[in-house]
$ cat coords-v4.pdb   # PDB, C-alpha atoms
ATOM      1  CA  MET D  24     -49.176 -59.870 -11.946
ATOM      2  CA  THR D  25     -51.148 -58.112 -14.666
ATOM      3  CA  TRP D  26     -50.358 -58.099 -18.367
ATOM      4  CA  THR D  27     -52.335 -55.005 -19.317
ATOM      5  CA  GLY D  28     -49.543 -52.456 -19.778
ATOM      6  CA  ILE D  29     -46.926 -54.737 -21.333
ATOM      7  CA  GLY D  30     -48.567 -55.415 -24.693
ATOM      8  CA  SER D  31     -49.340 -51.799 -25.530
ATOM      9  CA  ALA D  32     -45.740 -50.586 -25.241
ATOM     10  CA  SER D  33     -44.324 -53.343 -27.448
ATOM     11  CA  ASP D  34     -47.132 -52.950 -29.995
ATOM     12  CA  GLU D  35     -46.341 -49.268 -30.248
ATOM     13  CA  ILE D  36     -42.685 -49.971 -30.990
ATOM     14  CA  VAL D  37     -43.514 -52.626 -33.555
ATOM     15  CA  ARG D  38     -46.071 -50.445 -35.304
ATOM     16  CA  LYS D  39     -43.499 -47.718 -35.715
ATOM     17  CA  ARG D  40     -41.236 -50.135 -37.586
ATOM     18  CA  ILE D  41     -43.924 -51.543 -39.859
ATOM     19  CA  ASN D  42     -45.225 -49.631 -42.890
ATOM     20  CA  ARG D  43     -42.514 -47.006 -42.768
ATOM     21  CA  GLU D  44     -41.569 -45.590 -46.114
ATOM     22  CA  PRO D  45     -38.404 -43.797 -47.133
ATOM     23  CA  LEU D  46     -38.491 -40.039 -47.208
ATOM     24  CA  PRO D  47     -39.723 -38.945 -50.646
ATOM     25  CA  LEU D  48     -37.071 -36.234 -50.845
ATOM     26  CA  VAL D  49     -34.296 -38.786 -50.304
ATOM     27  CA  ALA D  50     -35.915 -41.507 -52.399
ATOM     28  CA  ILE D  51     -36.371 -39.244 -55.419
ATOM     29  CA  GLY D  52     -33.541 -36.754 -54.957
ATOM     30  CA  LEU D  53     -30.567 -38.991 -54.161
ATOM     31  CA  PRO D  54     -30.042 -40.271 -57.736
ATOM     32  CA  TRP D  55     -30.200 -36.736 -59.103
ATOM     33  CA  LEU D  56     -27.890 -35.394 -56.386
ATOM     34  CA  SER D  57     -25.347 -38.192 -56.823
ATOM     35  CA  ILE D  58     -25.129 -37.541 -60.570
ATOM     36  CA  ILE D  59     -24.802 -33.782 -60.012
ATOM     37  CA  LEU D  60     -22.052 -34.277 -57.435
ATOM     38  CA  ALA D  61     -20.283 -36.697 -59.773
ATOM     39  CA  SER D  62     -20.362 -33.974 -62.450
ATOM     40  CA  MET D  63     -18.204 -31.922 -60.132
ATOM     41  CA  ALA D  64     -15.499 -34.620 -60.134
ATOM     42  CA  SER D  65     -13.792 -32.760 -62.960
ATOM     43  CA  PHE D  66     -12.741 -30.213 -60.322
ATOM     44  CA  SER D  67     -10.545 -32.842 -58.671
ATOM     45  CA  PRO D  68      -6.882 -31.879 -58.321
ATOM     46  CA  ILE D  69      -5.687 -34.436 -60.893
ATOM     47  CA  ILE D  70      -3.341 -32.876 -63.408
ATOM     48  CA  ALA D  71      -2.715 -34.831 -66.592
ATOM     49  CA  SER D  72      -1.653 -33.959 -70.115
ATOM     50  CA  ALA D  73      -4.303 -36.267 -71.576
ATOM     51  CA  PRO D  74      -7.824 -37.178 -70.451
ATOM     52  CA  VAL D  75      -7.551 -39.991 -67.921
ATOM     53  CA  LEU D  76     -10.473 -39.559 -65.544
ATOM     54  CA  PRO D  77     -13.537 -41.475 -66.758
ATOM     55  CA  PRO D  78     -16.809 -39.566 -67.125
ATOM     56  CA  VAL D  79     -18.002 -40.400 -63.615
ATOM     57  CA  ALA D  80     -21.276 -38.485 -63.846
ATOM     58  CA  TYR D  81     -22.169 -40.116 -67.155
ATOM     59  CA  MET D  82     -21.359 -43.527 -65.711
ATOM     60  CA  MET D  83     -23.506 -42.721 -62.661
ATOM     61  CA  LEU D  84     -26.361 -41.878 -65.022
ATOM     62  CA  LEU D  85     -25.888 -45.209 -66.792
ATOM     63  CA  GLY D  86     -25.618 -47.033 -63.479
ATOM     64  CA  TRP D  87     -28.819 -45.562 -62.068
ATOM     65  CA  ARG D  88     -30.572 -46.250 -65.348
ATOM     66  CA  THR D  89     -29.475 -49.902 -65.416
ATOM     67  CA  MET D  90     -30.177 -50.531 -61.740
ATOM     68  CA  ARG D  91     -33.500 -48.665 -61.482
ATOM     69  CA  PRO D  92     -34.866 -48.169 -65.022
ATOM     70  CA  GLY D  93     -37.949 -46.220 -63.950
ATOM     71  CA  MET D  94     -36.162 -43.960 -61.476
ATOM     72  CA  LEU D  95     -34.958 -41.356 -63.960
ATOM     73  CA  PRO D  96     -37.375 -40.251 -66.677
ATOM     74  CA  VAL D  97     -36.258 -40.134 -70.295
ATOM     75  CA  TRP D  98     -36.065 -36.339 -70.222
ATOM     76  CA  ALA D  99     -33.556 -36.432 -67.331
ATOM     77  CA  GLY D 100     -30.694 -36.340 -69.820
ATOM     78  CA  LEU D 101     -31.434 -32.722 -70.650
ATOM     79  CA  PRO D 102     -31.045 -31.074 -67.194
ATOM     80  CA  LEU D 103     -28.304 -33.458 -66.066
ATOM     81  CA  GLY D 104     -26.413 -32.945 -69.341
ATOM     82  CA  LEU D 105     -26.772 -29.195 -68.866
ATOM     83  CA  ILE D 106     -25.232 -29.385 -65.411
ATOM     84  CA  ASP D 107     -22.446 -31.607 -66.710
ATOM     85  CA  ASP D 108     -21.764 -29.119 -69.517
ATOM     86  CA  LEU D 109     -21.299 -26.389 -66.938
ATOM     87  CA  TYR D 110     -18.674 -28.368 -65.019
ATOM     88  CA  SER D 111     -16.949 -30.541 -67.641
ATOM     89  CA  GLY D 112     -15.492 -27.884 -69.897
ATOM     90  CA  GLN D 113     -16.990 -29.447 -73.025
ATOM     91  CA  PRO D 114     -18.592 -27.155 -75.592
ATOM     92  CA  PHE D 115     -21.986 -26.114 -74.308
ATOM     93  CA  GLY D 116     -24.764 -28.338 -75.593
ATOM     94  CA  SER D 117     -22.690 -31.463 -76.197
ATOM     95  CA  GLY D 118     -23.636 -32.977 -72.837
ATOM     96  CA  ILE D 119     -27.275 -32.040 -73.293
ATOM     97  CA  LEU D 120     -27.406 -33.756 -76.678
ATOM     98  CA  LEU D 121     -25.336 -36.821 -75.788
ATOM     99  CA  TRP D 122     -26.990 -37.447 -72.416
ATOM    100  CA  SER D 123     -30.439 -37.118 -73.984
ATOM    101  CA  LEU D 124     -29.466 -39.556 -76.750
ATOM    102  CA  THR D 125     -28.121 -41.904 -74.093
ATOM    103  CA  MET D 126     -31.402 -41.866 -72.215
ATOM    104  CA  LEU D 127     -33.229 -42.655 -75.456
ATOM    105  CA  ALA D 128     -30.773 -45.474 -76.212
ATOM    106  CA  MET D 129     -31.208 -46.901 -72.711
ATOM    107  CA  GLU D 130     -34.969 -46.763 -73.180
ATOM    108  CA  LEU D 131     -34.604 -48.786 -76.385
ATOM    109  CA  ILE D 132     -32.348 -51.290 -74.615
ATOM    110  CA  ASP D 133     -34.888 -51.601 -71.797
ATOM    111  CA  GLU D 134     -37.682 -52.278 -74.276
ATOM    112  CA  ARG D 135     -35.666 -54.794 -76.271
ATOM    113  CA  PHE D 136     -34.060 -56.706 -73.394
ATOM    114  CA  LEU D 137     -36.466 -56.832 -70.476
ATOM    115  CA  TRP D 138     -34.394 -59.273 -68.407
ATOM    116  CA  ARG D 139     -30.683 -58.553 -68.455
ATOM    117  CA  SER D 140     -27.732 -59.826 -66.485
ATOM    118  CA  PHE D 141     -24.989 -57.651 -65.050
ATOM    119  CA  ALA D 142     -22.690 -58.646 -67.914
ATOM    120  CA  GLN D 143     -25.197 -57.305 -70.435
ATOM    121  CA  ASP D 144     -25.567 -54.085 -68.447
ATOM    122  CA  TRP D 145     -21.783 -53.786 -68.292
ATOM    123  CA  LEU D 146     -21.527 -54.334 -72.046
ATOM    124  CA  ALA D 147     -24.250 -51.772 -72.788
ATOM    125  CA  ALA D 148     -22.654 -49.244 -70.441
ATOM    126  CA  SER D 149     -19.212 -49.830 -71.975
ATOM    127  CA  VAL D 150     -20.506 -49.382 -75.527
ATOM    128  CA  LEU D 151     -22.451 -46.245 -74.608
ATOM    129  CA  THR D 152     -19.503 -44.814 -72.647
ATOM    130  CA  THR D 153     -17.163 -45.486 -75.562
ATOM    131  CA  ALA D 154     -19.546 -43.771 -77.978
ATOM    132  CA  TYR D 155     -19.934 -40.873 -75.538
ATOM    133  CA  LEU D 156     -16.176 -40.383 -75.132
ATOM    134  CA  VAL D 157     -15.474 -40.624 -78.861
ATOM    135  CA  LEU D 158     -18.235 -38.134 -79.657
ATOM    136  CA  CYS D 159     -17.077 -35.790 -76.875
ATOM    137  CA  ALA D 160     -13.516 -35.939 -78.220
ATOM    138  CA  THR D 161     -14.832 -35.263 -81.724
ATOM    139  CA  VAL D 162     -16.873 -32.271 -80.576
ATOM    140  CA  ALA D 163     -13.921 -30.945 -78.586
ATOM    141  CA  GLY D 164     -11.717 -31.503 -81.630
ATOM    142  CA  PHE D 165     -14.081 -29.433 -83.773
ATOM    143  CA  ALA D 166     -14.029 -26.660 -81.193
ATOM    144  CA  THR D 167     -10.223 -26.603 -80.943
ATOM    145  CA  SER D 168      -9.509 -27.759 -84.528
ATOM    146  CA  PHE D 169      -7.362 -30.561 -83.102
ATOM    147  CA  PRO D 170      -8.696 -34.144 -83.264
ATOM    148  CA  LEU D 171      -8.147 -36.271 -80.157
ATOM    149  CA  PRO D 172      -9.090 -39.839 -81.117
ATOM    150  CA  LEU D 173      -6.035 -41.787 -79.892
ATOM    151  CA  VAL D 174      -5.480 -39.774 -76.744
ATOM    152  CA  ILE D 175      -8.673 -41.056 -75.123
ATOM    153  CA  LEU D 176      -7.671 -44.752 -75.279
ATOM    154  CA  PRO D 177      -6.594 -44.961 -71.586
ATOM    155  CA  GLN D 178      -9.776 -43.157 -70.597
ATOM    156  CA  LEU D 179     -11.845 -45.678 -72.573
ATOM    157  CA  LEU D 180     -10.174 -48.650 -70.883
ATOM    158  CA  LEU D 181     -10.445 -47.133 -67.423
ATOM    159  CA  SER D 182     -14.115 -46.306 -68.014
ATOM    160  CA  ALA D 183     -14.916 -49.864 -69.041
ATOM    161  CA  MET D 184     -13.132 -51.269 -65.992
ATOM    162  CA  MET D 185     -14.686 -48.769 -63.566
ATOM    163  CA  PHE D 186     -18.336 -49.557 -64.304
ATOM    164  CA  PRO D 187     -18.569 -52.386 -61.708
ATOM    165  CA  VAL D 188     -17.169 -50.013 -59.083
ATOM    166  CA  ILE D 189     -19.704 -47.351 -60.059
ATOM    167  CA  ALA D 190     -22.469 -49.974 -59.966
ATOM    168  CA  GLY D 191     -21.389 -50.974 -56.449
ATOM    169  CA  ILE D 192     -21.450 -47.355 -55.296
ATOM    170  CA  ILE D 193     -24.907 -46.954 -56.796
ATOM    171  CA  GLY D 194     -26.017 -50.137 -55.028
ATOM    172  CA  LEU D 195     -24.931 -48.640 -51.700
ATOM    173  CA  LEU D 196     -26.632 -45.339 -52.507
ATOM    174  CA  ASP D 197     -29.793 -47.191 -53.508
ATOM    175  CA  ARG D 198     -29.779 -49.012 -50.201
ATOM    176  CA  LEU D 199     -29.355 -45.685 -48.403
ATOM    177  CA  ARG D 200     -32.112 -44.187 -50.546
ATOM    178  CA  LEU D 201     -34.603 -46.834 -49.440
ATOM    179  CA  LEU D 202     -33.945 -46.592 -45.691
ATOM    180  CA  PRO D 203     -37.199 -45.947 -43.832
ATOM    181  CA  LEU D 204     -36.294 -42.609 -42.258
ATOM    182  CA  LYS D 205     -38.736 -40.331 -40.456
ATOM    183  CA  ARG D 206     -36.592 -37.246 -40.831
ATOM    184  CA  LEU D 207     -33.145 -36.260 -42.013
TER     185      LEU D 207
END
$ encode --input "coords-v4.pdb" --output "structure tokens"
Amino acid sequence: MTWTGIGSASDEIVRKRINREPLPLVAIGLPWLSIILASMASFSPIIASAPVLPPVAYMMLLGWRTMRPGMLPVWAGLPLGLIDDLYSGQPFGSGILLWSLTMLAMELIDERFLWRSFAQDWLAASVLTTAYLVLCATVAGFATSFPLPLVILPQLLLSAMMFPVIAGIIGLLDRLRLLPLKRL
């Protein structure tokens, strides 16, 4: 019995599994695509007299930023806010401004608190989401000349409670993003 042909076949299989990297298109594009698709959640067939649906795309941005701080650059708030403005129905420019300010605020939080727990991320995301919703309601109130501060209270509570769910979804997407695929 000879052992010459056995080792080469198994080495070839093992070598294919070692040093495989994720596809760059998936590794870089999945966070952007997930936030863009979440911006389209406002097209869902939910009919309500008051805002109830949390800002899913904004929370996805916060989730990606807290989970992978270097994944999205600071300037990512501008194009993602632009896309959200197109789908959310807010006055044009409010998403661009608020998402860009959020990215700057998250950068300051990252510099100040290098090591954070999930509770601190949840608190930061809740505070930023609350500020975002209040400012969006204020901007929409200026545009319609009707202030909406008390109407957004259920949306604020639902947004604060939904962040762990969003973080779990982002964790699954991050795991999918890092799969060592050869092709799609």
$ residues_around --input "coords-v4.pdb" --residues "stretch 120-136 of chain D" --least-positions-apart "2" --cutoff "7 Å" --atoms "all atoms listed in the file" --output "short mmCIF file (atom, residue, chain, number, x, y, z; two decimals) with C-alpha atoms, keeping the file's coordinate frame"
data_model
loop_
_atom_site.label_atom_id
_atom_site.label_comp_id
_atom_site.auth_asym_id
_atom_site.auth_seq_id
_atom_site.Cartn_x
_atom_site.Cartn_y
_atom_site.Cartn_z
CA VAL D 97 -36.26 -40.13 -70.30
CA TRP D 98 -36.06 -36.34 -70.22
CA GLY D 100 -30.69 -36.34 -69.82
CA LEU D 101 -31.43 -32.72 -70.65
CA GLY D 104 -26.41 -32.94 -69.34
CA GLY D 116 -24.76 -28.34 -75.59
CA SER D 117 -22.69 -31.46 -76.20
CA GLY D 118 -23.64 -32.98 -72.84
CA TRP D 138 -34.39 -59.27 -68.41
CA ARG D 139 -30.68 -58.55 -68.46
CA TYR D 155 -19.93 -40.87 -75.54
#
$ closest_atom_pairs --input "coords-v4.pdb" --of "stretch 64-158 of chain D" --to "stretch 184-207 of chain D" --cutoff "7 Å" --atoms "only C-alpha atoms" --output "JSON lines"
{"residue": "D:Met82", "atom": "CA", "partner": "D:Phe186", "partner_atom": "CA", "distance": 6.9}
{"residue": "D:Met83", "atom": "CA", "partner": "D:Ile189", "partner_atom": "CA", "distance": 6.5}
{"residue": "D:Gly86", "atom": "CA", "partner": "D:Ala190", "partner_atom": "CA", "distance": 5.6}
{"residue": "D:Trp87", "atom": "CA", "partner": "D:Ile193", "partner_atom": "CA", "distance": 6.7}
{"residue": "D:Trp145", "atom": "CA", "partner": "D:Phe186", "partner_atom": "CA", "distance": 6.8}
$ axis_aligned_box --input "coords-v4.pdb" --around "stretch 174-180 of chain D" --padding-each-side "5 Å" --output "AutoDock Vina command-line options"
--center_x -8.7 --center_y -44.2 --center_z -73.7 --size_x 16.4 --size_y 18.9 --size_z 16.1
$ atom_distance --input "coords-v4.pdb" --atom1 "atom CA of D:Ser65" --atom2 "atom CA of D:Thr89"
23.4 Å
$ atom_distance --input "coords-v4.pdb" --atom1 "atom CA of D:Phe115" --atom2 "atom CA of D:Ser182"
22.6 Å
$ atom_distance --input "coords-v4.pdb" --atom1 "atom CA of D:Ala163" --atom2 "atom CA of D:Ser111"
11.4 Å
$ closest_residue --input "coords-v4.pdb" --among "D:Ala61, D:Leu103, D:Leu181, D:Leu95" --to "D:Thr152" --atoms "only C-alpha atoms"
D:Leu181
$ closest_residue --input "coords-v4.pdb" --among "D:Pro114, D:Pro47, D:Gly52, D:Pro74" --to "D:Val162" --atoms "only C-alpha atoms"
D:Pro114
$ residues_near_point --input "coords-v4.pdb" --point "(-8.2, -38.3, -69.0)" --cutoff "12 Å" --atoms "all atoms listed in the file" --output "list in words"
Ser65, Ser67, Ile69, Ile70, Ala71, Ser72, Ala73, Pro74, Val75, Leu76, Pro77, Pro78, Val79, Ser111, Leu156, Ala160, Leu171, Leu173, Val174, Ile175, Leu176, Pro177, Gln178, Leu179, Leu180, Leu181 and Ser182 of chain D
$ build_atoms --input "coords-v4.pdb" --residues "stretch 149-163 of chain D" --atoms "N, CA and C atoms" --output "PDB file, in the frame of the given file"
ATOM      1  N   SER D 149     -20.526 -50.014 -71.348  1.00  0.00           N
ATOM      2  CA  SER D 149     -19.212 -49.830 -71.975  1.00  0.00           C
ATOM      3  C   SER D 149     -19.345 -49.304 -73.401  1.00  0.00           C
ATOM      4  N   VAL D 150     -20.294 -49.845 -74.146  1.00  0.00           N
ATOM      5  CA  VAL D 150     -20.506 -49.382 -75.527  1.00  0.00           C
ATOM      6  C   VAL D 150     -20.986 -47.931 -75.531  1.00  0.00           C
ATOM      7  N   LEU D 151     -21.943 -47.614 -74.656  1.00  0.00           N
ATOM      8  CA  LEU D 151     -22.451 -46.245 -74.608  1.00  0.00           C
ATOM      9  C   LEU D 151     -21.393 -45.262 -74.110  1.00  0.00           C
ATOM     10  N   THR D 152     -20.571 -45.685 -73.145  1.00  0.00           N
ATOM     11  CA  THR D 152     -19.503 -44.814 -72.647  1.00  0.00           C
ATOM     12  C   THR D 152     -18.446 -44.592 -73.721  1.00  0.00           C
ATOM     13  N   THR D 153     -18.123 -45.633 -74.465  1.00  0.00           N
ATOM     14  CA  THR D 153     -17.163 -45.486 -75.562  1.00  0.00           C
ATOM     15  C   THR D 153     -17.690 -44.517 -76.618  1.00  0.00           C
ATOM     16  N   ALA D 154     -18.946 -44.683 -76.991  1.00  0.00           N
ATOM     17  CA  ALA D 154     -19.546 -43.771 -77.978  1.00  0.00           C
ATOM     18  C   ALA D 154     -19.561 -42.345 -77.440  1.00  0.00           C
ATOM     19  N   TYR D 155     -19.889 -42.205 -76.152  1.00  0.00           N
ATOM     20  CA  TYR D 155     -19.934 -40.873 -75.538  1.00  0.00           C
ATOM     21  C   TYR D 155     -18.552 -40.215 -75.559  1.00  0.00           C
ATOM     22  N   LEU D 156     -17.521 -40.956 -75.181  1.00  0.00           N
ATOM     23  CA  LEU D 156     -16.176 -40.383 -75.132  1.00  0.00           C
ATOM     24  C   LEU D 156     -15.656 -40.039 -76.523  1.00  0.00           C
ATOM     25  N   VAL D 157     -15.923 -40.908 -77.500  1.00  0.00           N
ATOM     26  CA  VAL D 157     -15.474 -40.624 -78.861  1.00  0.00           C
ATOM     27  C   VAL D 157     -16.192 -39.394 -79.415  1.00  0.00           C
ATOM     28  N   LEU D 158     -17.496 -39.306 -79.180  1.00  0.00           N
ATOM     29  CA  LEU D 158     -18.235 -38.134 -79.657  1.00  0.00           C
ATOM     30  C   LEU D 158     -17.823 -36.862 -78.922  1.00  0.00           C
ATOM     31  N   CYS D 159     -17.558 -36.967 -77.619  1.00  0.00           N
ATOM     32  CA  CYS D 159     -17.077 -35.790 -76.875  1.00  0.00           C
ATOM     33  C   CYS D 159     -15.716 -35.336 -77.395  1.00  0.00           C
ATOM     34  N   ALA D 160     -14.828 -36.300 -77.679  1.00  0.00           N
ATOM     35  CA  ALA D 160     -13.516 -35.939 -78.220  1.00  0.00           C
ATOM     36  C   ALA D 160     -13.651 -35.334 -79.610  1.00  0.00           C
ATOM     37  N   THR D 161     -14.607 -35.823 -80.390  1.00  0.00           N
ATOM     38  CA  THR D 161     -14.832 -35.263 -81.724  1.00  0.00           C
ATOM     39  C   THR D 161     -15.364 -33.838 -81.637  1.00  0.00           C
ATOM     40  N   VAL D 162     -16.326 -33.626 -80.746  1.00  0.00           N
ATOM     41  CA  VAL D 162     -16.873 -32.271 -80.576  1.00  0.00           C
ATOM     42  C   VAL D 162     -15.799 -31.330 -80.052  1.00  0.00           C
ATOM     43  N   ALA D 163     -15.002 -31.788 -79.102  1.00  0.00           N
ATOM     44  CA  ALA D 163     -13.921 -30.945 -78.586  1.00  0.00           C
ATOM     45  C   ALA D 163     -12.868 -30.708 -79.662  1.00  0.00           C
TER      46      ALA D 163
END
